[in-house]
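For reference, the structure discussed in these notes is given below.
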Amino acid sequence: MTSNAQHELYQQVILDHNKNPRNFKKLENPTHFAEGYNPLCGDHLFVYLNVGRDGIIHDIAFDGSGCAISKSSASMMTQSLKGKTLPEAKKLFEEFHNLVLGKLKPDTDPHHLGKLAIFSGIWQFPSRIKCATLSWHTLNGAIQKVKSVSTES
Ligand code: ZN
């Protein structure tokens, strides 16, 4: 794909998920949840999980408010993680983190990111990296039972 086509796809996907975020709701009685705040941009999200005794994420949702990048990233994260185990979720978080830092090249490095690979160019915009990773840091907090996460820490 040319970088222009890649950028266009990126914009389309961000706009779509920002307008129609998937799994945008509060879960009643979640097994895990956390609040995430990105003071640089003002993004403020909540992530909710229902993890079964089998360790599988049976349901995942988010709500709150944020910029288009933070919302679309959270929306795509929930789509990617439903049905995955917690270790698989952690692995995907690592891959996504390396992707947005430009350390993982989705065209050549092995990964399980699927559609999340569209965030590959974001390392060129350092101020937006925290927007893209906020929901993932919040997820990580929820898994580790840390109720409140700030990207500043
Ligand atoms: Zn943001």
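To be explicit about the labels: the chains of the structure tokens are called A, B, and onward in the order shown, and within each one the residues are counted from 1, while ligands get numbers from 1 in the order they are shown.
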For this session: Report as a list of chain:residue names which protein, DNA and RNA residues come within 9 Å of ligand 1, using only C-alpha atoms and all ligand atoms.
Result: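 If we count only C-alpha atoms and all ligand atoms, the neighbours of ligand 1 turn out to be A:Asn38, A:Pro39, A:Leu40, A:Cys41, A:Gly42, A:Asp43, A:His44, A:Gly66, A:Cys67, A:Ala68, A:Ile69, A:Ser70, A:Lys71, A:Ser127, A:Arg128, A:Ile129, A:Lys130, A:Cys131, A:Ala132, A:Leu134.
Residues with any atom within 8 Å of Gly36 (chain A), counting only C-alpha atoms and excluding same-chain neighbours fewer than 3 positions away, are A:Asp43, A:His44, A:Leu45, A:Phe46, A:Val47, A:Leu134, A:Ser135, A:His137, A:Thr138, A:Ser148, A:Val149, A:Ser150, A:Thr151.
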Could you write out the selected residues, including C-alpha atoms, as a PDB file, in the first residue's frame?
```pdb
ATOM      1  CA  ASP A  43      -9.223  12.260  27.068  1.00  0.00           C
ATOM      2  CA  HIS A  44     -11.132  10.612  29.909  1.00  0.00           C
ATOM      3  CA  LEU A  45     -12.212   7.005  29.396  1.00  0.00           C
ATOM      4  CA  PHE A  46     -13.576   4.113  31.434  1.00  0.00           C
ATOM      5  CA  VAL A  47     -12.911   0.495  30.466  1.00  0.00           C
ATOM      6  CA  LEU A 134      -4.925   5.571  26.711  1.00  0.00           C
ATOM      7  CA  SER A 135      -7.568   2.834  26.438  1.00  0.00           C
ATOM      8  CA  HIS A 137      -3.183   1.604  29.592  1.00  0.00           C
ATOM      9  CA  THR A 138      -6.637   1.753  31.171  1.00  0.00           C
ATOM     10  CA  SER A 148      -7.235   4.946  38.064  1.00  0.00           C
ATOM     11  CA  VAL A 149      -4.638   5.403  35.347  1.00  0.00           C
ATOM     12  CA  SER A 150      -3.020   8.559  34.073  1.00  0.00           C
ATOM     13  CA  THR A 151      -0.765   8.630  31.012  1.00  0.00           C
TER      14      THR A 151
END
```
For this session: May I have the residues within 10 Å of His111 (chain A) as number ranges by chain, using only C-alpha atoms and disregarding those fewer than 4 positions away in the same chain?
Result: A: 91-92, 95-96, 99, 104-107, 117
Pull N, CA, C and O atoms from the residues just selected and write them as a tab-separated table (two decimals), in the first residue's frame.
```
chain	number	residue	atom	x	y	z
A	91	LYS	N	-0.41	-9.55	25.60
A	91	LYS	CA	0.50	-9.67	24.46
A	91	LYS	C	0.13	-8.63	23.39
A	91	LYS	O	0.99	-7.97	22.81
A	92	LEU	N	-1.18	-8.48	23.15
A	92	LEU	CA	-1.64	-7.53	22.14
A	92	LEU	C	-1.33	-6.09	22.58
A	92	LEU	O	-0.98	-5.24	21.74
A	95	GLU	N	2.25	-5.49	21.76
A	95	GLU	CA	2.44	-5.30	20.32
A	95	GLU	C	1.93	-3.92	19.89
A	95	GLU	O	2.58	-3.23	19.10
A	96	PHE	N	0.77	-3.52	20.43
A	96	PHE	CA	0.21	-2.23	20.05
A	96	PHE	C	1.12	-1.10	20.52
A	96	PHE	O	1.36	-0.13	19.79
A	99	LEU	N	3.97	-0.89	18.29
A	99	LEU	CA	3.52	-0.37	17.00
A	99	LEU	C	3.47	1.15	17.01
A	99	LEU	O	4.02	1.82	16.12
A	104	LEU	N	7.61	-1.68	16.19
A	104	LEU	CA	7.10	-2.85	15.49
A	104	LEU	C	6.63	-2.39	14.11
A	104	LEU	O	5.81	-1.48	14.01
A	105	LYS	N	7.20	-3.00	13.07
A	105	LYS	CA	6.81	-2.65	11.70
A	105	LYS	C	5.82	-3.70	11.20
A	105	LYS	O	6.21	-4.84	10.97
A	106	PRO	N	4.55	-3.32	11.05
A	106	PRO	CA	3.53	-4.33	10.78
A	106	PRO	C	3.71	-5.06	9.45
A	106	PRO	O	3.21	-6.16	9.29
A	107	ASP	N	4.43	-4.45	8.52
A	107	ASP	CA	4.61	-5.11	7.22
A	107	ASP	C	5.66	-6.23	7.27
A	107	ASP	O	5.63	-7.14	6.46
A	117	ALA	N	-3.37	-2.44	13.13
A	117	ALA	CA	-2.14	-2.04	12.44
A	117	ALA	C	-2.29	-0.68	11.74
A	117	ALA	O	-1.28	-0.05	11.39
```
Problem set entry | Close residues, region 141-143 of chain A itself excluded, 6 Å, only C-alpha atoms, min 6 positions apart in chain, as a PyMOL selection string | chain A and resi 32-34
Let me see the file: selected residues, C-alpha atoms, as an mmCIF file, in the first residue's frame.
```cif
data_model
loop_
_atom_site.group_PDB
_atom_site.id
_atom_site.type_symbol
_atom_site.label_atom_id
_atom_site.label_comp_id
_atom_site.auth_asym_id
_atom_site.auth_seq_id
_atom_site.Cartn_x
_atom_site.Cartn_y
_atom_site.Cartn_z
ATOM 1 C CA HIS A 32 -12.609 -5.514 36.160
ATOM 2 C CA PHE A 33 -12.791 -1.810 35.423
ATOM 3 C CA ALA A 34 -10.582 1.263 35.469
#
```
Exercise. For His58 (chain A), which residue among A:Val146, A:Met77, A:Ser72, A:Lys84 is the nearest when counting only C-alpha atoms?
Worked result: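 The closest residue to His58 (chain A) is A:Lys84.
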For this session: Name the closest residue to Thr85 (chain A) among the candidates A:Asp59, A:Ile14, A:Pro126, A:Glu35; distances are taken between atoms, counting only C-alpha atoms.
Result: A:Asp59
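The residue that comes closest to Asn18 (chain A), out of A:Ile56, A:Leu49, A:Met76, A:Ala5 and on the basis of only C-alpha atoms, is A:Met76.
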For this session: List every residue of chain A that DSSP, applied to the backbone of this structure, places in strand (DSSP E or B), and write the result as number ranges by chain.
Result: A: 24, 32-38, 43-51, 56-65, 85, 148-150
Generate a file of the selected residues that holds N, CA and C atoms, formatted as an mmCIF file, in the first residue's frame.
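Wrote it out as result_21.cif, contents follow:
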```
data_model
loop_
_atom_site.group_PDB
_atom_site.id
_atom_site.type_symbol
_atom_site.label_atom_id
_atom_site.label_comp_id
_atom_site.auth_asym_id
_atom_site.auth_seq_id
_atom_site.Cartn_x
_atom_site.Cartn_y
_atom_site.Cartn_z
ATOM 1 N N PHE A 24 -19.659 0.896 23.079
ATOM 2 C CA PHE A 24 -19.621 2.156 23.822
ATOM 3 C C PHE A 24 -20.773 2.163 24.817
ATOM 4 N N HIS A 32 -13.738 -6.433 36.134
ATOM 5 C CA HIS A 32 -12.609 -5.514 36.160
ATOM 6 C C HIS A 32 -13.058 -4.189 35.543
ATOM 7 N N PHE A 33 -12.585 -3.093 36.098
ATOM 8 C CA PHE A 33 -12.791 -1.810 35.423
ATOM 9 C C PHE A 33 -11.733 -0.829 35.879
ATOM 10 N N ALA A 34 -11.504 0.197 35.081
ATOM 11 C CA ALA A 34 -10.582 1.263 35.469
ATOM 12 C C ALA A 34 -10.946 2.531 34.709
ATOM 13 N N GLU A 35 -10.431 3.618 35.253
ATOM 14 C CA GLU A 35 -10.636 4.935 34.673
ATOM 15 C C GLU A 35 -9.285 5.409 34.151
ATOM 16 N N GLY A 36 -9.280 5.978 32.957
ATOM 17 C CA GLY A 36 -8.024 6.456 32.395
ATOM 18 C C GLY A 36 -8.123 7.911 31.988
ATOM 19 N N TYR A 37 -7.047 8.648 32.245
ATOM 20 C CA TYR A 37 -7.054 10.075 31.946
ATOM 21 C C TYR A 37 -5.761 10.457 31.237
ATOM 22 N N ASN A 38 -5.904 11.176 30.153
ATOM 23 C CA ASN A 38 -4.746 11.687 29.420
ATOM 24 C C ASN A 38 -4.757 13.204 29.519
ATOM 25 N N ASP A 43 -8.468 13.505 27.267
ATOM 26 C CA ASP A 43 -9.223 12.260 27.068
ATOM 27 C C ASP A 43 -9.491 11.614 28.425
ATOM 28 N N HIS A 44 -10.723 11.175 28.620
ATOM 29 C CA HIS A 44 -11.132 10.612 29.909
ATOM 30 C C HIS A 44 -12.040 9.418 29.635
ATOM 31 N N LEU A 45 -11.477 8.213 29.780
ATOM 32 C CA LEU A 45 -12.212 7.005 29.396
ATOM 33 C C LEU A 45 -12.340 6.033 30.569
ATOM 34 N N PHE A 46 -13.371 5.208 30.486
ATOM 35 C CA PHE A 46 -13.576 4.113 31.434
ATOM 36 C C PHE A 46 -13.608 2.815 30.638
ATOM 37 N N VAL A 47 -12.918 1.800 31.137
ATOM 38 C CA VAL A 47 -12.911 0.495 30.466
ATOM 39 C C VAL A 47 -13.495 -0.541 31.427
ATOM 40 N N TYR A 48 -14.416 -1.347 30.926
ATOM 41 C CA TYR A 48 -15.097 -2.373 31.722
ATOM 42 C C TYR A 48 -14.869 -3.740 31.098
ATOM 43 N N LEU A 49 -14.626 -4.736 31.964
ATOM 44 C CA LEU A 49 -14.404 -6.098 31.463
ATOM 45 C C LEU A 49 -15.260 -7.080 32.243
ATOM 46 N N ASN A 50 -15.715 -8.100 31.548
ATOM 47 C CA ASN A 50 -16.256 -9.265 32.234
ATOM 48 C C ASN A 50 -15.410 -10.459 31.850
ATOM 49 N N VAL A 51 -14.588 -10.901 32.799
ATOM 50 C CA VAL A 51 -13.687 -12.025 32.561
ATOM 51 C C VAL A 51 -14.249 -13.235 33.283
ATOM 52 N N ILE A 56 -11.244 -15.942 30.065
ATOM 53 C CA ILE A 56 -11.571 -15.356 28.764
ATOM 54 C C ILE A 56 -12.377 -14.067 28.960
ATOM 55 N N ILE A 57 -12.057 -13.066 28.148
ATOM 56 C CA ILE A 57 -12.803 -11.806 28.181
ATOM 57 C C ILE A 57 -14.122 -12.020 27.439
ATOM 58 N N HIS A 58 -15.194 -12.235 28.219
ATOM 59 C CA HIS A 58 -16.488 -12.510 27.598
ATOM 60 C C HIS A 58 -17.143 -11.230 27.112
ATOM 61 N N ASP A 59 -16.887 -10.131 27.841
ATOM 62 C CA ASP A 59 -17.460 -8.865 27.398
ATOM 63 C C ASP A 59 -16.482 -7.750 27.759
ATOM 64 N N ILE A 60 -16.458 -6.736 26.905
ATOM 65 C CA ILE A 60 -15.582 -5.583 27.152
ATOM 66 C C ILE A 60 -16.272 -4.372 26.563
ATOM 67 N N ALA A 61 -16.239 -3.265 27.285
ATOM 68 C CA ALA A 61 -16.898 -2.045 26.819
ATOM 69 C C ALA A 61 -16.134 -0.843 27.370
ATOM 70 N N PHE A 62 -16.447 0.317 26.805
ATOM 71 C CA PHE A 62 -15.826 1.541 27.319
ATOM 72 C C PHE A 62 -16.830 2.668 27.189
ATOM 73 N N ASP A 63 -16.637 3.711 27.988
ATOM 74 C CA ASP A 63 -17.366 4.953 27.745
ATOM 75 C C ASP A 63 -16.513 6.115 28.239
ATOM 76 N N GLY A 64 -17.082 7.297 28.250
ATOM 77 C CA GLY A 64 -16.326 8.483 28.598
ATOM 78 C C GLY A 64 -16.246 9.424 27.419
ATOM 79 N N SER A 65 -15.306 10.344 27.482
ATOM 80 C CA SER A 65 -15.192 11.311 26.400
ATOM 81 C C SER A 65 -13.729 11.468 26.023
ATOM 82 N N THR A 85 -8.093 -14.332 25.799
ATOM 83 C CA THR A 85 -7.714 -14.552 27.201
ATOM 84 C C THR A 85 -6.923 -13.347 27.695
ATOM 85 N N SER A 148 -7.382 3.658 38.734
ATOM 86 C CA SER A 148 -7.235 4.946 38.064
ATOM 87 C C SER A 148 -5.868 5.046 37.406
ATOM 88 N N VAL A 149 -5.868 5.387 36.129
ATOM 89 C CA VAL A 149 -4.638 5.403 35.347
ATOM 90 C C VAL A 149 -4.478 6.761 34.703
ATOM 91 N N SER A 150 -3.285 7.323 34.789
ATOM 92 C CA SER A 150 -3.020 8.559 34.073
ATOM 93 C C SER A 150 -1.820 8.319 33.165
#
```
Problem set entry | Using only C-alpha atoms: which of A:Pro30, A:Gly55, A:Gly114, A:Pro21 has the shortest distance to Ser80 (chain A) |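 Using only C-alpha atoms, Ser80 (chain A) sits closest to A:Gly114.
For the pair CA of Lys145 (chain A) and CA of Ala74 (chain A), the separation is 18.6 Å.
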